[in-house]
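Chemist: My file is entry.txt. It has compact mmCIF, C-alpha atoms:
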```
# COMPACT_ATOMS: atom_id res chain seq x y z
CA MET A 51 39.11 -31.92 39.03
CA GLU A 52 36.75 -33.74 36.67
CA TYR A 53 34.89 -31.80 33.99
CA SER A 54 31.87 -33.15 32.13
CA ASN A 55 28.63 -32.12 30.38
CA PRO A 56 26.12 -34.72 31.53
CA LYS A 57 22.88 -35.26 29.62
CA LEU A 58 20.30 -32.93 31.13
CA PRO A 59 16.55 -33.50 31.11
CA GLU A 60 14.73 -31.79 28.24
CA GLY A 61 12.17 -29.02 28.70
CA ILE A 62 14.01 -26.83 31.21
CA ASN A 63 14.35 -23.86 28.93
CA THR A 64 11.22 -24.42 26.89
CA THR A 65 7.56 -24.68 27.75
CA GLU A 66 5.68 -27.87 27.05
CA GLU A 67 2.54 -26.15 25.84
CA HIS A 68 1.09 -26.93 22.47
CA PRO A 69 1.52 -23.86 20.24
CA LEU A 70 -1.97 -24.34 18.80
CA LYS A 71 -3.48 -24.05 22.27
CA GLU A 72 -1.61 -20.83 22.88
CA PHE A 73 -2.75 -19.59 19.49
CA ALA A 74 -6.39 -20.42 20.19
CA VAL A 75 -6.40 -18.79 23.63
CA LEU A 76 -4.59 -15.66 22.48
CA SER A 77 -6.42 -15.04 19.23
CA GLY A 78 -9.80 -15.85 20.77
CA GLY A 79 -9.18 -13.59 23.74
CA VAL A 80 -7.77 -10.73 21.72
CA LEU A 81 -10.59 -10.87 19.15
CA LEU A 82 -13.23 -10.97 21.86
CA CYS A 83 -11.67 -7.96 23.60
CA ILE A 84 -11.50 -6.02 20.35
CA VAL A 85 -15.14 -6.71 19.52
CA VAL A 86 -16.29 -5.71 23.01
CA VAL A 87 -14.13 -2.57 23.15
CA VAL A 88 -14.99 -1.44 19.62
CA MET A 89 -18.69 -1.98 20.31
CA ALA A 90 -18.47 0.04 23.53
CA LEU A 91 -16.45 2.81 21.90
CA GLY A 92 -18.76 2.78 18.90
CA PHE A 93 -21.86 3.22 20.99
CA SER A 94 -20.38 5.99 23.09
CA ALA A 95 -19.05 7.86 20.06
CA ASP A 96 -22.47 7.46 18.50
CA LEU A 97 -24.18 8.98 21.53
CA LEU A 98 -21.88 12.00 21.41
CA ALA A 99 -21.91 12.47 17.64
CA ARG A 100 -25.68 12.64 17.34
CA ARG A 101 -25.64 15.62 19.71
CA ILE A 102 -23.55 17.66 17.29
CA PRO A 103 -25.93 20.34 15.96
CA PHE A 104 -26.85 19.93 12.30
CA SER A 105 -25.75 23.51 11.65
CA TYR A 106 -22.17 22.53 12.59
CA GLU A 107 -22.28 19.88 9.91
CA GLN A 108 -23.48 22.40 7.36
CA ALA A 109 -20.77 24.84 8.39
CA MET A 110 -18.19 22.07 8.13
CA VAL A 111 -19.23 21.24 4.57
CA SER A 112 -19.31 24.85 3.41
CA SER A 113 -15.79 25.43 4.72
CA TYR A 114 -14.54 22.68 2.40
CA PRO A 115 -15.89 23.71 -1.00
CA GLY A 116 -14.63 20.57 -2.73
CA SER A 117 -16.54 18.22 -0.43
CA VAL A 118 -19.79 18.38 -2.42
CA PRO A 119 -20.08 17.91 -6.17
CA GLU A 120 -20.54 20.86 -8.51
CA SER A 121 -24.10 21.65 -9.52
CA HIS A 122 -25.64 19.86 -12.47
CA PRO A 123 -28.75 20.84 -14.49
CA VAL A 124 -30.53 17.66 -13.35
CA ASP A 125 -30.21 18.73 -9.70
CA ALA A 126 -33.20 21.03 -10.22
CA VAL A 127 -35.28 18.15 -11.61
CA LEU A 128 -34.64 16.01 -8.54
CA GLN A 129 -34.82 18.69 -5.86
CA PRO A 130 -38.67 19.04 -5.77
CA LEU A 131 -39.07 15.27 -5.23
CA ALA A 132 -36.56 15.47 -2.38
CA GLY A 133 -38.66 18.24 -0.87
CA ARG A 134 -41.81 16.10 -1.01
CA ILE A 135 -40.03 13.13 0.51
CA ALA A 136 -38.48 15.22 3.26
CA GLU A 137 -41.92 16.53 4.13
CA ALA A 138 -43.30 12.98 4.29
CA MET A 139 -40.44 11.99 6.58
CA ASP A 140 -40.99 14.80 9.12
CA LEU A 141 -37.46 16.11 9.01
CA PRO A 142 -36.51 18.53 11.79
CA ASP A 143 -36.95 22.18 10.77
CA ASP A 144 -33.25 23.01 10.63
CA MET A 145 -32.44 20.07 8.36
CA THR A 146 -32.10 20.90 4.69
CA ILE A 147 -31.67 18.40 1.88
CA THR A 148 -29.61 19.31 -1.18
CA VAL A 149 -29.65 16.90 -4.12
CA HIS A 150 -26.64 16.51 -6.40
CA TYR A 151 -26.76 14.58 -9.66
CA GLN A 152 -23.45 13.15 -10.80
CA ASP A 153 -22.86 12.19 -14.40
CA SER A 154 -21.04 8.95 -13.64
CA GLU A 155 -21.46 5.26 -14.42
CA ILE A 156 -21.39 4.32 -10.73
CA VAL A 157 -24.53 2.42 -9.73
CA ASN A 158 -24.89 4.06 -6.36
CA ALA A 159 -26.20 6.91 -4.28
CA ALA A 160 -24.75 8.49 -1.16
CA ALA A 161 -25.60 10.77 1.73
CA THR A 162 -22.94 12.99 3.21
CA PHE A 163 -22.47 15.68 5.85
CA GLY A 164 -24.69 18.74 5.93
CA GLY A 165 -27.71 17.15 4.24
CA HIS A 166 -26.17 16.64 0.82
CA ILE A 167 -27.25 13.58 -1.11
CA ILE A 168 -25.59 12.42 -4.30
CA LEU A 169 -27.31 10.38 -7.01
CA TYR A 170 -25.21 8.85 -9.77
CA ARG A 171 -26.41 8.55 -13.35
CA GLY A 172 -25.48 4.86 -13.30
CA LEU A 173 -28.20 4.18 -10.75
CA VAL A 174 -30.80 6.78 -11.72
CA SER A 175 -30.75 5.79 -15.40
CA ARG A 176 -31.56 2.19 -14.51
CA LEU A 177 -34.57 3.00 -12.36
CA PRO A 178 -37.91 2.27 -14.07
CA ASN A 179 -40.19 4.74 -12.28
CA GLU A 180 -40.44 7.65 -9.87
CA ASN A 181 -41.38 5.36 -7.00
CA ALA A 182 -38.04 3.56 -7.19
CA LEU A 183 -36.27 6.91 -7.44
CA ALA A 184 -38.20 8.07 -4.38
CA MET A 185 -37.08 4.92 -2.57
CA VAL A 186 -33.42 5.72 -3.27
CA MET A 187 -33.79 9.33 -2.22
CA ALA A 188 -35.81 8.43 0.84
CA HIS A 189 -33.11 5.95 1.81
CA GLU A 190 -30.44 8.64 1.58
CA ILE A 191 -32.62 11.24 3.30
CA ALA A 192 -33.19 8.71 6.11
CA HIS A 193 -29.41 8.56 6.56
CA ILE A 194 -29.42 12.35 6.95
CA LYS A 195 -32.43 12.32 9.26
CA HIS A 196 -30.75 9.87 11.60
CA ARG A 197 -27.42 11.71 11.31
CA HIS A 198 -25.69 8.58 10.02
CA PRO A 199 -22.77 10.31 8.24
CA ILE A 200 -21.61 12.29 11.27
CA ARG A 201 -22.22 9.34 13.59
CA SER A 202 -20.11 7.08 11.38
CA LEU A 203 -17.38 9.68 11.31
CA GLY A 204 -17.42 9.92 15.10
CA ARG A 205 -17.25 6.17 15.48
CA VAL A 206 -14.48 5.63 12.96
CA ALA A 207 -12.42 8.47 14.44
CA MET A 208 -12.87 7.11 17.96
CA VAL A 209 -12.14 3.50 17.08
CA SER A 210 -9.16 4.16 14.83
CA LEU A 211 -7.61 6.43 17.45
CA SER A 212 -7.98 3.67 20.05
CA VAL A 213 -6.56 1.03 17.73
CA MET A 214 -3.62 3.30 16.95
CA ALA A 215 -3.03 3.82 20.67
CA LEU A 216 -3.04 0.05 21.18
CA VAL A 217 -0.85 -1.14 18.33
CA GLY A 218 1.09 1.99 17.42
CA ILE A 219 0.56 4.33 14.52
CA GLU A 220 2.82 2.68 12.02
CA GLY A 221 1.38 -0.78 12.58
CA GLY A 222 2.90 -3.00 9.91
CA ASP A 223 3.24 -6.34 11.63
CA THR A 224 0.62 -9.01 11.27
CA ALA A 225 -0.69 -8.79 14.82
CA SER A 226 -1.51 -5.10 14.52
CA SER A 227 -3.19 -5.58 11.17
CA VAL A 228 -5.34 -8.27 12.75
CA VAL A 229 -6.37 -5.81 15.47
CA ASN A 230 -7.11 -3.25 12.78
CA ASP A 231 -9.14 -5.58 10.62
CA ALA A 232 -11.08 -7.00 13.54
CA GLY A 233 -11.92 -3.46 14.64
CA GLY A 234 -12.93 -2.54 11.11
CA LEU A 235 -15.15 -5.57 10.68
CA THR A 236 -16.81 -4.89 14.02
CA LEU A 237 -17.53 -1.32 12.92
CA LEU A 238 -19.29 -2.67 9.84
CA THR A 239 -22.04 -4.09 12.04
CA PHE A 240 -22.97 -0.48 12.82
CA SER A 241 -22.94 0.34 9.14
CA ARG A 242 -25.24 -2.55 8.28
CA ALA A 243 -27.62 -1.57 11.07
CA GLN A 244 -27.77 1.96 9.64
CA GLU A 245 -28.58 0.66 6.18
CA GLN A 246 -31.39 -1.43 7.58
CA GLU A 247 -32.78 1.53 9.48
CA ALA A 248 -32.62 3.69 6.34
CA ASP A 249 -34.33 0.97 4.26
CA ARG A 250 -37.25 0.73 6.66
CA GLU A 251 -37.64 4.46 6.99
CA ALA A 252 -37.50 4.86 3.21
CA LEU A 253 -40.19 2.27 2.58
CA ALA A 254 -42.43 3.99 5.14
CA ALA A 255 -41.84 7.32 3.40
CA VAL A 256 -42.70 5.90 -0.02
CA ASN A 257 -45.85 4.34 1.39
CA LYS A 258 -46.85 7.65 2.93
CA LEU A 259 -46.10 9.59 -0.26
CA TYR A 260 -47.89 7.38 -2.77
CA GLY A 261 -50.34 5.47 -0.58
CA HIS A 262 -48.74 2.17 -1.62
CA THR A 263 -45.23 0.69 -1.93
CA ALA A 264 -45.42 -0.43 -5.56
CA GLY A 265 -42.22 0.26 -7.45
CA ALA A 266 -40.09 0.72 -4.35
CA MET A 267 -38.70 -2.78 -4.66
CA ASP A 268 -37.63 -2.09 -8.24
CA LEU A 269 -34.60 -0.37 -6.75
CA TYR A 270 -33.33 -3.66 -5.37
CA GLU A 271 -33.96 -5.43 -8.65
CA VAL A 272 -31.57 -2.88 -10.18
CA LEU A 273 -29.02 -3.52 -7.41
CA LEU A 274 -29.27 -7.25 -8.13
CA GLU A 275 -28.44 -6.76 -11.82
CA PRO A 276 -25.01 -8.15 -12.69
CA ALA A 277 -23.85 -4.77 -14.04
CA SER A 278 -24.15 -3.14 -10.66
CA GLU A 279 -22.22 -5.82 -8.82
CA SER A 280 -19.03 -5.98 -10.84
CA VAL A 281 -16.99 -7.62 -8.09
CA GLY A 282 -19.71 -9.85 -6.67
CA GLU A 283 -21.00 -9.57 -3.16
CA LEU A 284 -18.71 -10.11 -0.20
CA PRO A 285 -19.83 -12.27 2.72
CA ALA A 286 -22.29 -10.40 4.96
CA PHE A 287 -19.81 -9.84 7.80
CA MET A 288 -17.41 -8.02 5.46
CA SER A 289 -19.98 -5.75 3.77
CA THR A 290 -21.01 -2.20 4.59
CA HIS A 291 -24.55 -3.03 3.46
CA PRO A 292 -26.67 -6.05 4.25
CA LEU A 293 -26.83 -8.45 1.31
CA THR A 294 -29.33 -7.25 -1.28
CA LEU A 295 -31.47 -10.39 -1.07
CA ASP A 296 -31.64 -10.04 2.70
CA ARG A 297 -32.73 -6.42 2.30
CA ILE A 298 -35.51 -7.43 -0.08
CA ARG A 299 -36.68 -10.16 2.28
CA GLU A 300 -36.64 -7.77 5.21
CA LEU A 301 -38.65 -5.10 3.38
CA LYS A 302 -41.19 -7.60 2.04
CA ALA A 303 -41.74 -8.83 5.58
CA MET A 304 -42.24 -5.23 6.66
CA GLN A 305 -44.78 -4.63 3.86
CA ARG A 306 -46.69 -7.70 4.93
CA ASP A 307 -46.60 -7.03 8.66
CA LEU A 308 -47.78 -3.44 8.32
CA GLY A 309 -50.36 -4.30 5.68
CA TRP A 310 -48.96 -1.90 3.08
CA SER A 311 -50.19 -2.47 -0.41
CA ALA A 312 -47.46 -3.68 -2.76
CA SER A 313 -49.53 -2.92 -5.84
CA GLY A 314 -50.61 0.40 -7.25
CA THR A 315 -49.93 2.73 -10.13
CA THR A 316 -46.32 3.78 -10.36
CA GLN A 317 -45.49 7.33 -11.43
CA PRO A 318 -43.27 8.01 -14.44
CA LEU A 319 -39.86 9.47 -13.78
CA PRO A 320 -39.71 13.26 -13.53
CA VAL A 321 -39.42 15.00 -16.90
CA GLY A 322 -35.86 16.11 -17.58
CA LEU A 323 -34.03 13.01 -16.47
CA ASN A 324 -31.79 11.88 -19.27
CA ARG A 325 -32.67 8.38 -20.29
CA PRO A 326 -29.92 6.69 -22.25
CA MET B 128 -8.43 -12.50 -0.39
CA GLU B 129 -6.05 -11.00 2.16
CA LEU B 130 -7.59 -13.21 4.79
CA LEU B 131 -6.99 -16.24 2.58
CA ILE B 132 -3.31 -15.39 2.06
CA PHE B 133 -2.92 -14.81 5.75
CA LEU B 134 -4.49 -18.15 6.68
CA THR B 135 -2.40 -19.98 4.09
CA LEU B 136 0.78 -18.44 5.44
CA LEU B 137 -0.29 -19.27 8.96
CA ILE B 138 -1.00 -22.92 8.21
CA LEU B 139 2.09 -23.26 6.02
CA GLY B 140 4.21 -21.64 8.73
CA TYR B 141 2.80 -23.91 11.37
CA ILE B 142 3.41 -27.14 9.44
CA THR B 143 6.86 -26.32 8.11
CA GLY B 144 7.86 -24.80 11.43
CA ARG B 145 6.83 -27.92 13.32
CA ILE B 146 8.71 -30.20 10.95
CA ALA B 147 11.86 -28.05 10.99
CA GLU B 148 11.84 -27.79 14.75
CA HIS B 149 11.30 -31.50 15.24
CA ARG B 150 14.14 -32.40 12.90
CA HIS B 151 16.45 -29.86 14.46
CA TYR B 152 15.87 -31.16 17.98
CA ARG B 153 16.52 -34.72 16.85
CA SER B 154 19.78 -33.67 15.25
CA ILE B 155 20.77 -31.61 18.32
CA LEU B 156 20.20 -34.56 20.65
CA GLU B 157 22.21 -36.89 18.42
CA ARG B 158 25.17 -34.56 18.12
CA GLU B 159 25.10 -33.69 21.81
CA ASP B 160 25.62 -37.37 22.49
CA THR B 161 28.52 -37.71 20.03
CA LEU B 162 30.28 -34.57 21.30
CA ARG B 163 29.68 -35.26 24.99
CA GLY B 164 33.34 -36.22 25.29
CA ILE B 165 34.34 -32.57 24.90
CA PRO B 166 32.90 -30.68 27.88
CA ALA B 167 32.16 -26.99 27.48
CA ILE B 168 33.02 -25.26 30.75
CA ALA B 169 32.27 -21.69 31.77
CA SER B 170 35.22 -21.37 34.14
CA LYS B 171 38.04 -18.94 33.26
CA VAL B 172 40.62 -20.87 35.27
CA LEU B 173 42.29 -23.64 33.31
CA PRO B 174 43.00 -26.96 35.04
CA THR B 175 46.39 -26.62 36.79
CA ASP B 176 47.73 -29.85 35.34
CA PHE B 177 46.99 -28.81 31.74
CA ARG B 178 49.96 -28.77 29.35
CA GLY B 179 49.43 -27.93 25.68
CA ASP B 180 47.92 -25.41 23.28
CA THR B 181 44.95 -23.13 23.77
CA ARG B 182 43.00 -21.76 20.86
CA LEU B 183 39.86 -19.70 20.29
CA VAL B 184 36.95 -21.72 18.94
CA THR B 185 33.62 -20.25 17.87
CA GLY B 186 30.29 -21.55 16.71
CA SER B 187 27.52 -19.36 15.43
CA VAL B 188 24.05 -19.98 14.10
CA VAL B 189 21.20 -17.92 12.68
CA VAL B 190 17.68 -19.25 13.17
CA SER B 191 14.34 -17.81 12.18
CA VAL B 192 10.89 -18.57 13.50
CA ASP B 193 8.01 -19.39 11.21
CA TYR B 194 5.11 -17.10 10.34
CA PHE B 195 2.80 -18.86 12.76
CA LYS B 196 5.08 -18.41 15.77
CA ARG B 197 5.78 -14.82 14.92
CA PHE B 198 2.06 -14.16 14.73
CA VAL B 199 1.40 -15.80 18.10
CA ALA B 200 4.30 -13.81 19.57
CA GLY B 201 2.74 -10.64 18.12
CA LEU B 202 -0.53 -11.39 19.89
CA ARG B 203 1.41 -12.11 23.08
CA ASN B 204 3.00 -8.68 22.77
CA LEU B 205 -0.44 -7.15 23.16
CA VAL B 206 -1.33 -8.87 26.41
CA GLY B 207 2.05 -9.65 27.96
CA GLY B 208 3.40 -12.87 29.42
CA ARG B 209 5.92 -15.48 28.37
CA ILE B 210 6.48 -15.75 24.66
CA THR B 211 6.61 -19.53 24.75
CA THR B 212 6.77 -19.83 20.97
CA TYR B 213 10.13 -18.04 20.98
CA GLU B 214 11.59 -20.17 23.78
CA THR B 215 12.28 -23.13 21.54
CA LEU B 216 13.84 -20.82 18.95
CA LEU B 217 16.42 -19.55 21.44
CA ASP B 218 16.93 -22.93 23.06
CA ARG B 219 17.70 -24.47 19.67
CA ALA B 220 19.96 -21.60 18.67
CA ARG B 221 22.04 -21.76 21.87
CA ARG B 222 22.49 -25.50 21.74
CA GLU B 223 23.30 -25.45 18.04
CA ALA B 224 25.92 -22.73 18.57
CA VAL B 225 27.57 -24.68 21.40
CA LEU B 226 27.52 -27.81 19.25
CA ARG B 227 29.21 -26.04 16.34
CA MET B 228 31.83 -24.65 18.70
CA LYS B 229 32.45 -28.13 20.07
CA ALA B 230 32.68 -29.51 16.54
CA GLU B 231 35.33 -26.92 15.75
CA ALA B 232 37.20 -27.81 18.93
CA ASN B 233 36.94 -31.47 18.01
CA SER B 234 38.45 -30.84 14.58
CA GLN B 235 41.38 -29.08 16.28
CA GLY B 236 41.96 -32.11 18.48
CA ALA B 237 40.82 -30.38 21.67
CA THR B 238 39.61 -32.28 24.71
CA MET B 239 37.76 -29.46 26.46
CA VAL B 240 36.54 -25.91 25.87
CA PHE B 241 36.97 -23.40 28.69
CA ASN B 242 35.63 -19.94 29.37
CA VAL B 243 32.60 -20.55 27.16
CA LYS B 244 30.49 -17.47 26.50
CA LEU B 245 27.29 -16.95 24.54
CA GLU B 246 26.24 -13.86 22.64
CA THR B 247 22.78 -13.30 21.22
CA ALA B 248 22.00 -10.78 18.54
CA SER B 249 18.77 -10.03 16.76
CA ILE B 250 19.48 -9.62 13.06
CA SER B 251 16.31 -7.76 12.18
CA LYS B 252 17.82 -4.32 12.67
CA GLY B 253 15.77 -1.63 11.04
CA ARG B 254 13.06 -4.09 10.04
CA ARG B 255 11.56 -4.56 13.45
CA ASN B 256 8.48 -6.44 12.35
CA ALA B 257 9.61 -8.13 9.21
CA ILE B 258 12.23 -10.61 10.38
CA GLY B 259 12.07 -12.80 13.48
CA SER B 260 15.59 -14.19 13.46
CA VAL B 261 18.38 -14.40 16.00
CA GLU B 262 22.04 -15.08 15.80
CA VAL B 263 23.69 -16.93 18.69
CA LEU B 264 27.46 -17.02 18.92
CA ALA B 265 29.26 -19.39 21.27
CA TYR B 266 32.97 -19.00 21.81
CA GLY B 267 35.58 -20.33 24.20
CA THR B 268 39.15 -21.45 24.67
CA ALA B 269 39.84 -24.91 23.32
CA LEU B 270 42.40 -26.93 25.25
CA ILE B 271 44.55 -28.99 22.91
CA PRO B 272 46.82 -31.36 24.85
CA GLY B 273 50.41 -31.13 23.64
```
Using structure tokens, write down the structure that the file contains.

Modeler:
Amino acid sequence: MEYSNPKLPEGINTTEEHPLKEFAVLSGGVLLCIVVVVMALGFSADLLARRIPFSYEQAMVSSYPGSVPESHPVDAVLQPLAGRIAEAMDLPDDMTITVHYQDSEIVNAAATFGGHIILYRGLVSRLPNENALAMVMAHEIAHIKHRHPIRSLGRVAMVSLSVMALVGIEGGDTASSVVNDAGGLTLLTFSRAQEQEADREALAAVNKLYGHTAGAMDLYEVLLEPASESVGELPAFMSTHPLTLDRIRELKAMQRDLGWSASGTTQPLPVGLNRP
Amino acid sequence: MELLIFLTLLILGYITGRIAEHRHYRSILEREDTLRGIPAIASKVLPTDFRGDTRLVTGSVVVSVDYFKRFVAGLRNLVGGRITTYETLLDRARREAVLRMKAEANSQGATMVFNVKLETASISKGRRNAIGSVEVLAYGTALIPG
């Protein structure tokens, strides 16, 4: 018997498809699916979360005593202004706003569950007048009014559970981190939409409160200062907030379209705020 | 920043992977031609007219895929289907292992290798996602005419 290993044609055990084509089809398809699914999950979680009664939120916060900052003497200085803004914004009867002043360098403010808003000294001390302060507070109160914190929580919980189900809890490999990041970036579109909504609502509240919108924009001038942006702004698609310049442009357009006066007398900051 | 590192690794993996694979295939084809005189046969039954020595010969190889291919394979894991980027990895590994076995047989003065078997092992035990390498072992009985 004769034995031999003849030369066989190539490509029997391999596929003659360009790896870049496979890459493009797979990554494009997977990313598209993630965006569509996260959007759908996000919207449905949003619909459910906004039906959670506000009192549940309040109960949730009070059962975790560490979740809101300790009281500060300046809280009492800010609280009456919050009351006036809340009135101008027609908050539902059961919604209460509690202001917390935090003695910290952070140039920021935040709204959290149960109607608690937090103002940091770093931001408040840079504001030139009460109107800008009212703009910040109105922005945060708008988040509360539209139930943004609980809706974000619902969305993030829903989406991260689904991503975990898809790629496994431990993740770790590059493909699952891509799924994770793509899901996270898609979620940020919701976050930016919420910020825009809060900006608009806040400007309307300031206009209603003072009869003009002078001073409101000073807030964004502060946000544009180099000190407040230590790391520089990320590209829009990676940010939780729209870019500051875009926010200013958007609000100026709103002022113009609705015929709100951008000039007027600004009020001095409430007495009792520590100026450095 | 993370995105940048990821893209760099991806591009780097793609380019180096392509070059390595291309070179390897060229070398495989060359050596397959030179060692064609020593057939590797899967049969257990030796030729009846054979007189001489028999000896175990082995050839083993460890190959890894590049970052790019592993990433594409990871995406493929999500949707299912043929992992075409791993096919060349295994094809190269099997042929390389057989070639090394034949080279060993050649150095022993053998004319044929019988009862050839292939074993494949993944060497990423315990680090499921970190290493995309395989070991292929080819072994058989070299016939050395006496």

Chemist: Can you check which residues of chain B have any atom within 9 Å of chain A? Use all atoms listed in the file and format it as a PyMOL selection string.

Modeler: chain B and resi 133+141+159-160+163-168+174+195-206+211-215+217-218+239+255-257

Chemist: Do you know which residues are at most 12 Å from B:Asn242 counting all atoms listed in the file, after dropping those on the same chain fewer than 3 positions away, and could you put them as a ChimeraX atom specification?

Modeler: /B:166-174,181-185,239,245,265-270

Chemist: How many Å separate atom CA of A:Gly165 from atom CA of A:Thr263?

Modeler: 24.8 Å

Chemist: Just how far from atom CA of A:Leu169 is atom CA of A:Arg101, in Å to one decimal?

Modeler: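 Separation of atom CA of A:Arg101 and atom CA of A:Leu169: 27.3 Å.
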
Chemist: Give me, please, the distance in Å between atom CA of A:Leu211 and atom CA of A:Ala161, quoted to one decimal.

Modeler: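 Taking atom CA of A:Leu211 as the start and atom CA of A:Ala161 as the end point, the length is 24.3 Å.
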
Chemist: Need to verify the contact set: A:Val85, 9 Å, all atoms listed in the file, exclusion of same-chain residues closer than 4 positions in sequence. Can you return it as a PyMOL selection string?

Modeler: chain A and resi 80-81+89-90+232-233+235-237

Chemist: Using all atoms listed in the file, which protein or nucleic acid residues come within 9 Å of A:Met145? Drop anything in the same chain fewer than 5 positions from it, and give the result as an NGL selection string.

Modeler: :A and (104-105 or 164-165 or 194-195)

Chemist: Residues proximal to (-23.5, 4.0, -12.6) were defined as those with any atom within 7 Å of that point in the file's coordinates, counting only C-alpha atoms. Which are they, as a ChimeraX atom specification?

Modeler: /A:154-158,170-173

Chemist: Once you count all atoms listed in the file, what closest atom pair and distance in Å to one decimal does each residue of stretch 222-258 of chain A within 12 Å of stretch 131-136 of chain A have, with rows by chain and rising residue number, as CSV?

Modeler:
```
residue,atom,partner,partner_atom,distance
A:Glu251,CA,A:Ile135,CA,11.1
A:Ala252,CA,A:Ile135,CA,9.1
A:Leu253,CA,A:Ile135,CA,11.1
A:Ala254,CA,A:Ile135,CA,10.5
A:Ala255,CA,A:Ile135,CA,6.7
A:Val256,CA,A:Ile135,CA,7.7
A:Asn257,CA,A:Ile135,CA,10.6
A:Lys258,CA,A:Ile135,CA,9.1
```

Chemist: Within 10 Å of A:His122, counting all atoms listed in the file, which residues show up once you throw out same-chain ones fewer than 5 positions away? Write them as a count of residues only, please.

Modeler: 6

Chemist: Excluding B:Glu246 and any residue of its chain fewer than 5 positions from it, enumerate the residues within 10 Å of it, using only C-alpha atoms, and give them as a VMD selection string.

Modeler: chain B and resid 187 221 224 262 to 266

Chemist: Counting only C-alpha atoms, which residues sit no farther than 9 Å from the position (-40.7, 5.3, -4.0) in the file's frame? I'd like them as a compact mmCIF listing (two decimals) with C-alpha atoms, in the frame of the given file.

Modeler:
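So selection_30.txt came out as:
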```txt
# COMPACT_ATOMS: atom_id res chain seq x y z
CA ASN A 179 -40.19 4.74 -12.28
CA GLU A 180 -40.44 7.65 -9.87
CA ASN A 181 -41.38 5.36 -7.00
CA ALA A 182 -38.04 3.56 -7.19
CA LEU A 183 -36.27 6.91 -7.44
CA ALA A 184 -38.20 8.07 -4.38
CA MET A 185 -37.08 4.92 -2.57
CA VAL A 186 -33.42 5.72 -3.27
CA MET A 187 -33.79 9.33 -2.22
CA ALA A 188 -35.81 8.43 0.84
CA ALA A 252 -37.50 4.86 3.21
CA LEU A 253 -40.19 2.27 2.58
CA ALA A 255 -41.84 7.32 3.40
CA VAL A 256 -42.70 5.90 -0.02
CA ASN A 257 -45.85 4.34 1.39
CA LEU A 259 -46.10 9.59 -0.26
CA TYR A 260 -47.89 7.38 -2.77
CA HIS A 262 -48.74 2.17 -1.62
CA THR A 263 -45.23 0.69 -1.93
CA ALA A 264 -45.42 -0.43 -5.56
CA GLY A 265 -42.22 0.26 -7.45
CA ALA A 266 -40.09 0.72 -4.35
CA MET A 267 -38.70 -2.78 -4.66
CA LEU A 269 -34.60 -0.37 -6.75
CA THR A 316 -46.32 3.78 -10.36
```

Chemist: Quick one: of B:Val261, B:Ile271, B:Val243, B:Arg145, who's nearest to B:Tyr194, counting only C-alpha atoms?

Modeler: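 Smallest separation from B:Tyr194 among the options: B:Arg145.
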
Chemist: How big is the axis-aligned box around the listed atoms of stretch 239-258 of chain A once 3 Å is added on each side, and where is its centre? Give both in Å to one decimal, as JSON.

Modeler:
```
{"center_x": -34.4, "center_y": 1.8, "center_z": 6.4, "size_x": 30.8, "size_y": 17.7, "size_z": 18.8}
```
